[in-house]
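File shown: final03.txt. Contents: compact mmCIF, C-alpha atoms.
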```txt
# COMPACT_ATOMS: atom_id res chain seq x y z
CA MET A 274 72.82 94.02 106.78
CA SER A 275 75.33 93.71 103.95
CA LEU A 276 78.77 95.08 104.84
CA LEU A 277 80.60 94.11 101.65
CA LYS A 278 78.79 93.84 98.34
CA VAL A 279 80.68 92.75 95.22
CA SER A 280 78.47 93.05 92.13
CA ASN A 281 79.39 91.60 88.73
CA ILE A 282 83.00 92.77 88.61
CA ALA A 283 85.55 91.96 85.92
CA ALA A 284 89.32 92.20 86.40
CA TYR A 285 92.30 91.96 84.08
CA TYR A 286 96.03 91.39 84.19
CA GLY A 287 97.05 93.35 81.14
CA SER A 288 94.84 92.09 78.31
CA ALA A 289 94.10 88.79 80.06
CA GLN A 290 90.74 88.71 81.83
CA ALA A 291 90.91 87.01 85.24
CA LEU A 292 87.44 87.68 86.69
CA PHE A 293 84.12 87.39 84.88
CA ASP A 294 81.12 89.01 86.59
CA VAL A 295 82.11 87.87 90.09
CA SER A 296 79.59 88.64 92.83
CA LEU A 297 79.55 88.00 96.57
CA ASN A 298 78.46 89.67 99.77
CA VAL A 299 79.45 89.53 103.42
CA ASN A 300 76.97 90.59 106.08
CA GLU A 301 77.79 92.19 109.40
CA GLY A 302 79.16 89.61 111.84
CA GLU A 303 79.25 86.91 109.16
CA VAL A 304 82.08 84.56 108.14
CA VAL A 305 82.17 83.78 104.41
CA ALA A 306 84.55 81.28 102.81
CA LEU A 307 85.85 82.04 99.30
CA LEU A 308 86.70 78.70 97.73
CA GLY A 309 88.04 77.17 94.55
CA ARG A 310 91.08 75.41 93.19
CA ASN A 311 94.39 77.25 92.75
CA GLY A 312 94.35 79.86 90.00
CA MET A 313 90.56 80.22 89.88
CA GLY A 314 90.41 83.89 90.92
CA LYS A 315 90.23 83.94 94.71
CA SER A 316 93.29 86.13 95.34
CA THR A 317 92.38 88.30 92.35
CA THR A 318 88.96 88.89 93.91
CA ILE A 319 90.62 89.92 97.16
CA LYS A 320 93.00 92.26 95.33
CA SER A 321 90.00 93.82 93.60
CA ILE A 322 88.13 94.30 96.88
CA CYS A 323 91.19 96.01 98.39
CA LYS A 324 91.77 98.01 95.17
CA MET A 325 95.24 96.52 94.76
CA LEU A 326 93.92 95.67 91.30
CA ASN A 327 91.43 97.88 89.52
CA TYR A 328 88.20 96.22 88.48
CA LYS A 329 85.90 96.98 85.57
CA ASN A 330 82.12 96.82 85.21
CA GLY A 331 79.89 96.32 88.23
CA ASP A 332 80.86 97.77 91.58
CA ILE A 333 82.20 96.98 95.01
CA GLU A 334 80.48 98.66 97.95
CA PHE A 335 81.77 98.60 101.50
CA ASN A 336 79.54 99.79 104.31
CA GLY A 337 77.45 101.68 101.78
CA THR A 338 80.39 103.39 100.04
CA SER A 339 81.37 102.64 96.45
CA CYS A 340 85.04 101.74 96.15
CA SER A 341 85.24 102.25 92.39
CA LEU A 342 87.13 105.55 92.51
CA LEU A 343 89.04 105.02 95.76
CA PRO A 344 92.76 104.16 96.00
CA SER A 345 93.74 101.15 98.10
CA HIS A 346 94.70 103.10 101.22
CA LYS A 347 91.31 104.83 101.27
CA VAL A 348 89.56 101.46 100.97
CA ALA A 349 91.58 100.20 103.93
CA GLN A 350 90.55 103.26 105.91
CA LEU A 351 86.90 102.35 105.38
CA GLY A 352 87.52 99.38 107.66
CA ILE A 353 89.08 96.49 105.72
CA GLY A 354 91.97 94.60 107.32
CA LEU A 355 93.90 92.32 104.96
CA VAL A 356 96.08 89.38 105.98
CA PRO A 357 97.76 88.70 102.63
CA GLU A 358 99.06 85.41 101.36
CA GLY A 359 102.74 85.23 102.29
CA ARG A 360 102.32 87.25 105.56
CA ARG A 361 104.56 90.20 104.52
CA CYS A 362 105.66 91.30 107.97
CA PHE A 363 108.21 94.11 108.14
CA PRO A 364 111.44 92.15 108.71
CA ASN A 365 113.44 95.06 110.16
CA LEU A 366 110.81 95.90 112.79
CA THR A 367 110.16 94.18 116.10
CA VAL A 368 106.94 92.33 116.82
CA TYR A 369 105.68 95.29 118.82
CA GLU A 370 106.61 97.77 116.09
CA ASN A 371 104.89 95.63 113.43
CA LEU A 372 101.71 95.67 115.49
CA ILE A 373 101.57 99.38 116.21
CA VAL A 374 102.76 100.65 112.83
CA ALA A 375 99.22 100.92 111.43
CA ALA A 376 97.22 100.78 114.66
CA GLN A 377 93.92 102.62 114.87
CA THR A 378 91.91 103.50 117.96
CA GLY A 379 89.42 100.83 118.95
CA ASP A 380 88.88 97.61 120.89
CA TRP A 381 91.88 95.88 119.36
CA ASP A 382 95.11 97.04 120.96
CA PHE A 383 98.42 95.37 121.84
CA LYS A 384 96.99 93.82 125.01
CA LYS A 385 94.00 92.26 123.27
CA VAL A 386 96.04 90.98 120.33
CA THR A 387 98.54 89.31 122.66
CA GLU A 388 95.68 87.74 124.61
CA LEU A 389 94.62 86.17 121.31
CA PHE A 390 98.22 85.20 120.47
CA PRO A 391 100.31 85.05 123.71
CA ARG A 392 103.44 84.14 121.75
CA LEU A 393 103.55 87.65 120.33
CA ASP A 394 103.90 89.12 123.83
CA GLU A 395 106.73 86.69 124.59
CA ARG A 396 108.52 87.85 121.42
CA ARG A 397 107.52 91.51 121.46
CA ASN A 398 111.12 92.78 121.23
CA GLN A 399 112.29 90.28 118.62
CA SER A 400 112.70 91.23 114.97
CA SER A 401 109.89 89.67 112.96
CA SER A 402 112.50 88.07 110.69
CA THR A 403 113.51 85.79 113.59
CA LEU A 404 110.00 84.37 114.04
CA SER A 405 108.81 81.02 112.79
CA GLY A 406 106.35 80.92 109.89
CA GLY A 407 103.46 80.32 112.26
CA GLU A 408 104.46 83.19 114.52
CA GLN A 409 104.74 85.48 111.50
CA GLN A 410 101.22 84.48 110.51
CA MET A 411 99.97 85.32 113.99
CA LEU A 412 101.76 88.66 113.67
CA ALA A 413 100.16 89.36 110.30
CA ILE A 414 96.70 88.64 111.72
CA GLY A 415 97.42 90.73 114.81
CA ARG A 416 98.64 93.64 112.69
CA ALA A 417 95.40 93.58 110.66
CA LEU A 418 93.32 93.46 113.85
CA MET A 419 95.22 96.47 115.24
CA THR A 420 93.67 98.56 112.44
CA ASN A 421 90.31 97.75 114.11
CA PRO A 422 88.64 96.66 110.86
CA LYS A 423 84.98 96.00 110.26
CA LEU A 424 85.99 93.25 107.80
CA LEU A 425 88.99 90.95 108.18
CA ILE A 426 90.19 89.24 105.00
CA LEU A 427 92.35 86.13 105.45
CA ASP A 428 94.09 84.82 102.32
CA GLU A 429 95.42 81.29 102.98
CA ALA A 430 96.16 82.06 106.63
CA THR A 431 96.93 78.45 107.58
CA GLU A 432 98.77 77.28 104.46
CA GLY A 433 102.08 75.55 105.05
CA LEU A 434 101.94 75.71 108.85
CA ALA A 435 102.62 72.91 111.32
CA PRO A 436 99.40 71.21 112.54
CA ILE A 437 99.67 72.57 116.10
CA VAL A 438 100.13 76.13 114.83
CA ARG A 439 97.33 75.74 112.31
CA GLN A 440 95.03 74.77 115.16
CA GLU A 441 96.04 77.90 117.10
CA ILE A 442 95.11 80.01 114.08
CA TRP A 443 91.75 78.25 113.69
CA ASP A 444 91.05 78.65 117.41
CA ALA A 445 91.69 82.38 117.04
CA ILE A 446 89.38 82.63 114.03
CA ASN A 447 86.67 80.79 115.94
CA ARG A 448 87.08 83.21 118.84
CA LEU A 449 86.69 86.17 116.48
CA LYS A 450 83.50 84.61 115.10
CA LEU A 451 82.07 83.98 118.56
CA GLU A 452 82.74 87.58 119.61
CA GLY A 453 80.67 88.64 116.59
CA ASN A 454 82.16 92.13 116.33
CA ILE A 455 83.93 91.59 113.04
CA SER A 456 83.04 90.11 109.66
CA ILE A 457 85.47 87.71 108.01
CA LEU A 458 86.13 86.74 104.39
CA ILE A 459 88.43 83.73 104.37
CA VAL A 460 90.27 81.81 101.67
CA ASP A 461 91.44 78.39 102.79
CA LYS A 462 91.51 74.76 101.67
CA SER A 463 90.63 73.18 105.03
CA LEU A 464 86.95 72.35 104.62
CA LYS A 465 86.79 70.53 107.96
CA GLU A 466 87.80 73.68 109.85
CA LEU A 467 85.81 75.99 107.58
CA ASN A 468 82.67 74.01 108.32
CA GLN A 469 83.10 74.95 111.98
CA VAL A 470 83.50 78.70 111.47
CA ALA A 471 82.00 79.77 108.12
CA ASP A 472 78.34 80.66 107.68
CA ARG A 473 78.35 80.64 103.89
CA ALA A 474 80.65 79.82 100.98
CA VAL A 475 81.24 81.19 97.51
CA ILE A 476 83.04 79.01 94.96
CA LEU A 477 84.90 80.36 91.95
CA GLU A 478 86.02 78.47 88.88
CA ARG A 479 87.96 80.08 86.05
CA GLY A 480 87.19 83.51 87.46
CA SER A 481 83.43 83.04 87.67
CA ASN A 482 80.86 82.21 90.34
CA VAL A 483 79.82 78.57 90.10
CA TRP A 484 78.19 78.00 93.50
CA GLN A 485 77.23 79.83 96.67
CA GLY A 486 75.17 78.93 99.69
CA ASP A 487 75.21 77.91 103.34
CA MET A 488 78.17 75.79 104.44
CA ARG A 489 75.80 72.98 105.43
CA SER A 490 74.62 72.87 101.81
CA LEU A 491 78.16 72.34 100.51
CA THR A 492 77.92 68.62 99.83
CA PRO A 493 80.87 66.29 99.13
CA GLU A 494 79.71 66.11 95.51
CA ILE A 495 79.93 69.89 95.11
CA SER A 496 83.29 70.12 96.87
CA ASN A 497 84.75 67.27 94.82
CA LYS A 498 83.54 68.90 91.61
CA TYR A 499 84.88 72.40 92.26
CA ILE A 500 87.44 72.19 95.08
CA GLY A 501 88.96 68.69 95.10
CA VAL A 502 92.23 67.87 93.38
```

Would you put the structure from the file into structure tokens?
Amino acid sequence: MSLLKVSNIAAYYGSAQALFDVSLNVNEGEVVALLGRNGMGKSTTIKSICKMLNYKNGDIEFNGTSCSLLPSHKVAQLGIGLVPEGRRCFPNLTVYENLIVAAQTGDWDFKKVTELFPRLDERRNQSSSTLSGGEQQMLAIGRALMTNPKLLILDEATEGLAPIVRQEIWDAINRLKLEGNISILIVDKSLKELNQVADRAVILERGSNVWQGDMRSLTPEISNKYIGV
């Protein structure tokens, strides 16, 4: 069953059009990779889904509800948890305070998040500004999970991290997939790791759909054409 359905949306920054009839869907329990080179519309698509940027034409439905007239906080309340590019933790709050600030009742609580990322329990009383980049990324993911979302959106969650920390993040994503209780839309450049966790992929180029299908159908020729440097 389709949880997120994006149908032929257009989006603009001022008078400049950034998205042209973009469509994608994420089913319940599914992991979908949103791919493309830098500047091709991936983050703009995520902003449109979360209503951080208003879209035109088409529609975005989440769990059967149209998001066209909803403000961003109402869309989040439908069950979308966003881990934005750049992490954006609250620097003046502790790790524990960052996690509980937007917590909602459900399976994901402080105990479960710190089982996923034990480092966060070790640093629970530290200000988030004192954490390493990798620890801040874990905190951003944990904070989104504490909202108990139906859909988790990860925008470049492993970018710029040390290899050992990147692997911890990928291990966590794989665990979320195996549990099967949450759908994931993920933007990342690591095709090797995405092949292990993603069910399907959607590729954007210049703000438009150019390919979508099962990850096993994403051949080197397709990836070199639309994703490679």

Judged by all atoms listed in the file, the minimum distance to A:Lys278 among A:Leu424, A:Leu404, A:Ala291, A:Val470 is found for A:Leu424

The residue from A:Val305, A:Gly406, A:Asp487, A:Met313 with the smallest atom-to-atom distance to A:Ala471, counting all atoms listed in the file, is A:Val305

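The shortest atom-to-atom distance to A:Asn421, with all atoms listed in the file taken into account, belongs to A:Leu355 out of A:Leu366, A:Leu458, A:Ala474, A:Leu355.
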
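With only C-alpha atoms as the basis for measurement, A:Arg416 is the residue among A:Lys462, A:Arg392, A:Lys329, A:Arg416 that approaches A:Cys362 most closely.
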
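With only C-alpha atoms as the atoms that count, the minimum distance from A:Leu464 to the choices A:Lys385, A:Arg489, A:Lys320, A:Arg479 is reached by A:Arg489.
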
Across A:Gly415, A:Pro436, A:Pro364, A:Pro422, the smallest distance to A:Thr378, with only C-alpha atoms counted, is shown by A:Pro422

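The protein and nucleic acid residues lying at most 12 Å from A:Ser401 are Arg360, Arg361, Cys362, Phe363, Pro364, Asn365, Leu366, Thr367, Val368, Tyr369, Glu370, Asn371, Leu372, Leu393, Arg396, Arg397, Ser405, Gly406, Gly407, Glu408, Gln409, Gln410, Met411, Leu412, Ala413 and Arg416 of chain A, with all atoms listed in the file considered and sequence neighbours fewer than 4 positions away removed.
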
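Computed from the coordinates, the atom CA of A:Leu342 to atom CA of A:Asn327 distance equals 9.3 Å.
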
Separating atom CA of A:Gln469 from atom CA of A:Lys450, to the nearest tenth of an Å, is a gap of 10.2 Å

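Rounded to one decimal, atom CA of A:Leu276 and atom CA of A:Glu441 lie 27.3 Å from each other.
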
Practice prompt. Could you give me, as a PyMOL selection string, the residues within 12 Å of A:Val475, counting all atoms listed in the file and dropping anything in the same chain fewer than 6 positions from it?
Written response: chain A and resi 279+295-299+304-309+314-315+318+458-461+481-488+490-491+495-496+499-500

**Q.** Shell of 12 Å around A:Leu449, all atoms listed in the file, local chain residues under 4 positions omitted, as a ChimeraX atom specification
**A.** /A:302-304,381,385-386,389,414-415,418,423-425,442-445,453-457,470-471

Could you dump the residues just selected with C-alpha atoms as a compact mmCIF listing (two decimals), in the frame of the given file?
```txt
# COMPACT_ATOMS: atom_id res chain seq x y z
CA GLY A 302 79.16 89.61 111.84
CA GLU A 303 79.25 86.91 109.16
CA VAL A 304 82.08 84.56 108.14
CA TRP A 381 91.88 95.88 119.36
CA LYS A 385 94.00 92.26 123.27
CA VAL A 386 96.04 90.98 120.33
CA LEU A 389 94.62 86.17 121.31
CA ILE A 414 96.70 88.64 111.72
CA GLY A 415 97.42 90.73 114.81
CA LEU A 418 93.32 93.46 113.85
CA LYS A 423 84.98 96.00 110.26
CA LEU A 424 85.99 93.25 107.80
CA LEU A 425 88.99 90.95 108.18
CA ILE A 442 95.11 80.01 114.08
CA TRP A 443 91.75 78.25 113.69
CA ASP A 444 91.05 78.65 117.41
CA ALA A 445 91.69 82.38 117.04
CA GLY A 453 80.67 88.64 116.59
CA ASN A 454 82.16 92.13 116.33
CA ILE A 455 83.93 91.59 113.04
CA SER A 456 83.04 90.11 109.66
CA ILE A 457 85.47 87.71 108.01
CA VAL A 470 83.50 78.70 111.47
CA ALA A 471 82.00 79.77 108.12
```
